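Notes to accompany the following structure.
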Amino acid sequence: MKYTALIGNPTGHSVSHVMYEELAKAALLEQPYRHIKIDVTDEDLTKTINALRELHFTGLNVTLPHKLSVIPLLDHVDKVVKELGAVNTIKFGDSTTGHNTDWVGIYKPVAAVGHEIKTVTIFGTGGAARAAIYAAKRLGARKIYVHYRNEEDNVKTDDLKKRAGALGIELHTYDKVRKNVEVSDLIINATSAGMVGKDRLPFDLAHLADLTVSEKIYLDVVFNPLDTPLLRYFNEQGAHTIDGLWMMIYQGVVALSIWLDREIEIADHDLERIHNLLEGSLSHA
């Protein structure tokens with residue numbers, strides 16, 4: 001039996017345990033596989049990582065709020081993590097290695113739309129925002145605007161400001177959100193806004209009133225609920241919207257490949273089936 005886990009706080013809203021077991025079935029894995037969810041506080045992060053490694057877990061997914069703070073606990077990180085400073089996947093073995101697969105979860109569904117991406121607006125400065133930056137660059141974006149709240153956790157924002165020059169991004173508060181959304185081809189919500197228990201939006205939607213977004217793509221990293229206030233707004237205004245389950249599924253395929261040391265390929269019809277299954281599972285998460 002192979003075991004992996006999602007660690008974060010909270011994890012109760014996640015349907016990753018359903019997703020990974022379905023991905024394993026679609027990949028025709030011969031060995032039994034189980035994925036579990038574990039709520040981990042900041043204080044318990046180190047001992048949790050050590051305990052799961054000692055219990056011979058194959059690897060972990062990492063979600064809020066540990067995508068940055070877990071890095072000092074790892075032996076190695078991949079090149080994406082070195083550039084962005086955020087981990088969402090850990091592989092156990094002779095050493096412990098951190099990876100970022102979130103960017104693939106953003107890149108693939110956007111690339112599938114087939115639109116040219118020149119300018120991107122991102123909401124947030126945490127781990128998901130860093131993955132969004134990397135994905136935007138891979139999509140060919142030449143301008144990337146990253147927005148942050150004045151009052152939000154300055155540790156992650158200050159860290160991103162230090163990386164801004166190397167990453168080729170501009171950081172703005174939300175007073176420039178209308179201007180930046182107006183000129184963007186892709187808008188990504190990389191905050192927890194709209195997630196179960198976190199309803200506060202990063203800005204008043206009135207700032208976008210009467211703005212034409214019908215030729216734009218909007219992606220939300222939040223998947224529970226699927227229909228977040230921001231996704232609903234952009235959908236109603238005619239944008240091409242991509243919900244957070246697609247990010248989770250595509251990053252999950254890559255994470256599973258890392259854990260199992262072989263490339264996992266899932267047919268499109270299986271990905272669609274898994275998306276539909278997860279959508280139905282959200283109310284029971």
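As shown in the structure tokens, the chain order sets the letters A, B, ...; within each chain, residues go from 1, and ligands are also counted from 1 in the order they appear.
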Legend entry - Contacts of Lys47 in chain A within 12 Å, only C-alpha atoms, excl. fewer than 6 positions in-chain, as a ChimeraX atom specification: /A:40-41,53-54,70,73
Legend entry - Met195 in chain A surroundings by only C-alpha atoms, 9 Å radius, close-in-sequence under 5 positions cut, as a VMD selection string: chain A and resid 13 200 222 to 226 228
Legend entry - Distance query Leu6 in chain A at most 12 Å, only C-alpha atoms, self and fewer than 6 positions along chain excluded, as a VMD selection string: chain A and resid 12 to 20 34 to 40 48 to 49 52 57 to 64 66 to 67 88 to 90 248 252 255
Inset, instruction - Within range 100-252 of chain A, find each residue whose DSSP state, derived from the backbone, is helix (DSSP H, G or I), and express the selection as number ranges by chain. - result: A: 102-113, 127-138, 154-167, 174-182, 205-208, 229-236, 244-252
Inset, instruction - Select, from A:Lys176, A:Lys91, A:Lys216, A:Arg163, the residue with the minimum atom-to-atom distance to Gly238 in chain A, counting only C-alpha atoms. - result: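 Selected residue with least distance to Gly238 in chain A: A:Lys216.
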Legend entry - Shell around Tyr218 in chain A at 6 Å using only C-alpha atoms, local window under 3 positions removed, as a ChimeraX atom specification: /A:186-188,241
Could the residues in this selection be written to a file with N, CA and C atoms, as a PDB file, in the first residue's frame?
ATOM      1  N   LEU A 186      -5.618  37.522 -19.106  1.00  0.00           N
ATOM      2  CA  LEU A 186      -5.866  36.470 -18.125  1.00  0.00           C
ATOM      3  C   LEU A 186      -5.893  37.076 -16.734  1.00  0.00           C
ATOM      4  N   ILE A 187      -6.912  36.727 -15.956  1.00  0.00           N
ATOM      5  CA  ILE A 187      -7.026  37.160 -14.558  1.00  0.00           C
ATOM      6  C   ILE A 187      -7.083  35.913 -13.697  1.00  0.00           C
ATOM      7  N   ILE A 188      -6.263  35.882 -12.642  1.00  0.00           N
ATOM      8  CA  ILE A 188      -6.184  34.711 -11.769  1.00  0.00           C
ATOM      9  C   ILE A 188      -6.428  35.132 -10.329  1.00  0.00           C
ATOM     10  N   THR A 241     -14.339  31.249 -18.087  1.00  0.00           N
ATOM     11  CA  THR A 241     -13.949  30.973 -16.701  1.00  0.00           C
ATOM     12  C   THR A 241     -13.489  29.531 -16.531  1.00  0.00           C
TER      13      THR A 241
END
Inset, instruction - Rank nothing, just name the residue among A:Leu139, A:Ala131, A:Leu23, A:Leu160 nearest to His115 in chain A, using only C-alpha atoms. - result: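 Using only C-alpha atoms, His115 in chain A sits closest to A:Leu139.
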Inset, instruction - Enter the distance from CA of His240 in chain A to CA of Gly168 in chain A, in Å, rounded to one decimal. - result: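 Straight-line distance from CA of His240 in chain A to CA of Gly168 in chain A works out to 26.0 Å.
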Inset, instruction - Select, from A:Ile242, A:Ile274, A:Val177, A:Val146, the residue with the minimum atom-to-atom distance to Ala164 in chain A, counting only C-alpha atoms. - result: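 Counting only C-alpha atoms, the residue closest to Ala164 in chain A is A:Val146.
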Legend entry - strand (DSSP E) per DSSP on the backbone: members of range 29-220 of chain A, as a ChimeraX atom specification: /A:33-39,59-62,76-77,89-91,97-99,119-123,143-148,170-173,186-189,217-220
Legend entry - Test item: residues at most 12 Å from Val110 in chain A, only C-alpha atoms, excluding those fewer than 3 positions along its chain, as number ranges by chain: A: 103-107, 113-117, 120, 132, 135-136, 138-140, 185-188, 216-220, 240-244, 246-247, 250
For the residues in that selection, give me N, CA and C atoms as a JSON list (two decimals), in the first residue's frame.
[["chain", "number", "residue", "atom", "x", "y", "z"],
["A", 103, "TRP", "N", 1.78, 25.25, -10.57],
["A", 103, "TRP", "CA", 1.88, 26.06, -11.79],
["A", 103, "TRP", "C", 1.34, 25.28, -13.00],
["A", 104, "VAL", "N", 1.56, 23.95, -13.00],
["A", 104, "VAL", "CA", 1.04, 23.14, -14.10],
["A", 104, "VAL", "C", -0.48, 23.15, -14.08],
["A", 105, "GLY", "N", -1.05, 23.13, -12.86],
["A", 105, "GLY", "CA", -2.50, 23.15, -12.71],
["A", 105, "GLY", "C", -3.13, 24.42, -13.24],
["A", 106, "ILE", "N", -2.36, 25.50, -13.29],
["A", 106, "ILE", "CA", -2.83, 26.75, -13.87],
["A", 106, "ILE", "C", -2.52, 26.81, -15.36],
["A", 107, "TYR", "N", -1.33, 26.41, -15.72],
["A", 107, "TYR", "CA", -0.88, 26.49, -17.10],
["A", 107, "TYR", "C", -1.74, 25.67, -18.06],
["A", 113, "VAL", "N", -7.29, 26.67, -23.74],
["A", 113, "VAL", "CA", -8.25, 27.61, -24.32],
["A", 113, "VAL", "C", -7.76, 28.12, -25.67],
["A", 114, "GLY", "N", -6.44, 28.28, -25.80],
["A", 114, "GLY", "CA", -5.85, 28.67, -27.08],
["A", 114, "GLY", "C", -5.76, 30.16, -27.34],
["A", 115, "HIS", "N", -5.98, 30.98, -26.31],
["A", 115, "HIS", "CA", -5.87, 32.43, -26.49],
["A", 115, "HIS", "C", -4.43, 32.89, -26.27],
["A", 116, "GLU", "N", -4.04, 33.92, -26.98],
["A", 116, "GLU", "CA", -2.72, 34.51, -26.75],
["A", 116, "GLU", "C", -2.75, 35.26, -25.40],
["A", 117, "ILE", "N", -1.74, 35.04, -24.60],
["A", 117, "ILE", "CA", -1.66, 35.65, -23.28],
["A", 117, "ILE", "C", -0.47, 36.61, -23.25],
["A", 120, "VAL", "N", -1.18, 39.64, -17.71],
["A", 120, "VAL", "CA", -1.87, 38.85, -16.70],
["A", 120, "VAL", "C", -2.01, 39.65, -15.41],
["A", 132, "ALA", "N", 1.06, 30.95, -10.05],
["A", 132, "ALA", "CA", 0.40, 31.68, -11.13],
["A", 132, "ALA", "C", 1.40, 32.53, -11.91],
["A", 135, "ALA", "N", 3.34, 30.14, -14.16],
["A", 135, "ALA", "CA", 2.48, 29.70, -15.26],
["A", 135, "ALA", "C", 2.29, 30.81, -16.28],
["A", 136, "ALA", "N", 2.09, 32.04, -15.80],
["A", 136, "ALA", "CA", 1.90, 33.18, -16.70],
["A", 136, "ALA", "C", 3.11, 33.37, -17.60],
["A", 138, "ARG", "N", 5.25, 31.06, -18.50],
["A", 138, "ARG", "CA", 5.28, 29.94, -19.44],
["A", 138, "ARG", "C", 4.23, 30.10, -20.54],
["A", 139, "LEU", "N", 3.17, 30.81, -20.23],
["A", 139, "LEU", "CA", 2.13, 31.08, -21.21],
["A", 139, "LEU", "C", 2.50, 32.20, -22.18],
["A", 140, "GLY", "N", 3.62, 32.85, -21.91],
["A", 140, "GLY", "CA", 4.11, 33.90, -22.80],
["A", 140, "GLY", "C", 3.81, 35.31, -22.37],
["A", 185, "ASP", "N", -5.25, 39.82, -20.46],
["A", 185, "ASP", "CA", -5.87, 38.73, -21.19],
["A", 185, "ASP", "C", -6.31, 37.62, -20.24],
["A", 186, "LEU", "N", -5.62, 37.52, -19.11],
["A", 186, "LEU", "CA", -5.87, 36.47, -18.12],
["A", 186, "LEU", "C", -5.89, 37.08, -16.73],
["A", 187, "ILE", "N", -6.91, 36.73, -15.96],
["A", 187, "ILE", "CA", -7.03, 37.16, -14.56],
["A", 187, "ILE", "C", -7.08, 35.91, -13.70],
["A", 188, "ILE", "N", -6.26, 35.88, -12.64],
["A", 188, "ILE", "CA", -6.18, 34.71, -11.77],
["A", 188, "ILE", "C", -6.43, 35.13, -10.33],
["A", 216, "LYS", "N", -11.70, 37.87, -22.18],
["A", 216, "LYS", "CA", -10.67, 37.51, -21.21],
["A", 216, "LYS", "C", -10.90, 36.11, -20.64],
["A", 217, "ILE", "N", -9.84, 35.55, -20.04],
["A", 217, "ILE", "CA", -9.92, 34.28, -19.34],
["A", 217, "ILE", "C", -9.80, 34.58, -17.85],
["A", 218, "TYR", "N", -10.64, 33.96, -17.06],
["A", 218, "TYR", "CA", -10.56, 34.09, -15.60],
["A", 218, "TYR", "C", -10.40, 32.70, -14.99],
["A", 219, "LEU", "N", -9.39, 32.54, -14.13],
["A", 219, "LEU", "CA", -9.16, 31.27, -13.43],
["A", 219, "LEU", "C", -9.16, 31.53, -11.93],
["A", 220, "ASP", "N", -9.86, 30.65, -11.21],
["A", 220, "ASP", "CA", -9.92, 30.74, -9.74],
["A", 220, "ASP", "C", -9.23, 29.52, -9.16],
["A", 240, "HIS", "N", -14.29, 33.79, -20.28],
["A", 240, "HIS", "CA", -14.09, 32.33, -20.27],
["A", 240, "HIS", "C", -13.57, 31.97, -18.88],
["A", 241, "THR", "N", -14.34, 31.25, -18.09],
["A", 241, "THR", "CA", -13.95, 30.97, -16.70],
["A", 241, "THR", "C", -13.49, 29.53, -16.53],
["A", 242, "ILE", "N", -12.50, 29.36, -15.64],
["A", 242, "ILE", "CA", -11.93, 28.05, -15.32],
["A", 242, "ILE", "C", -11.98, 27.90, -13.81],
["A", 243, "ASP", "N", -12.68, 26.87, -13.34],
["A", 243, "ASP", "CA", -12.84, 26.71, -11.89],
["A", 243, "ASP", "C", -11.63, 26.03, -11.26],
["A", 244, "GLY", "N", -11.57, 26.11, -9.92],
["A", 244, "GLY", "CA", -10.41, 25.63, -9.18],
["A", 244, "GLY", "C", -10.18, 24.13, -9.20],
["A", 246, "TRP", "N", -10.02, 22.29, -11.81],
["A", 246, "TRP", "CA", -9.10, 21.97, -12.90],
["A", 246, "TRP", "C", -7.66, 22.17, -12.48],
["A", 247, "MET", "N", -7.39, 23.22, -11.72],
["A", 247, "MET", "CA", -6.03, 23.41, -11.20],
["A", 247, "MET", "C", -5.63, 22.24, -10.33],
["A", 250, "TYR", "N", -5.03, 18.93, -12.53],
["A", 250, "TYR", "CA", -3.82, 18.92, -13.36],
["A", 250, "TYR", "C", -2.55, 18.89, -12.52]]
Legend entry - One-decimal distance in Å that lies between CA of Ser184 in chain A and CA of Ala209 in chain A: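 Here the two named atoms are 15.8 Å from each other.
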Inset, instruction - Have a look at A:Lys2, A:Lys143, A:Lys162, A:His56 and name the one nearest to Pro32 in chain A; count only C-alpha atoms. - result: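 Of the candidates, the smallest distance to Pro32 in chain A is held by A:Lys2.
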Legend entry - Shell around Val87 in chain A at 6 Å using only C-alpha atoms, local window under 3 positions removed, as a list in words: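 Near neighbours after the sequence-gap exclusion: Lys67, Gly98, His99 and Asn100 of chain A.
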Could you turn the residues from that selection into a file that holds C-alpha atoms, as a compact mmCIF listing (two decimals), in the first residue's frame?
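Result written to selection_37.txt:
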# COMPACT_ATOMS: atom_id res chain seq x y z
CA LYS A 67 3.53 26.45 1.20
CA GLY A 98 10.02 19.99 -2.41
CA HIS A 99 8.35 20.63 -5.75
CA ASN A 100 5.83 23.05 -7.17
Legend entry - Residue nearest Leu208 in chain A among A:Leu230, A:Leu28, A:Val80, A:Leu55 (counting only C-alpha atoms): A:Leu230
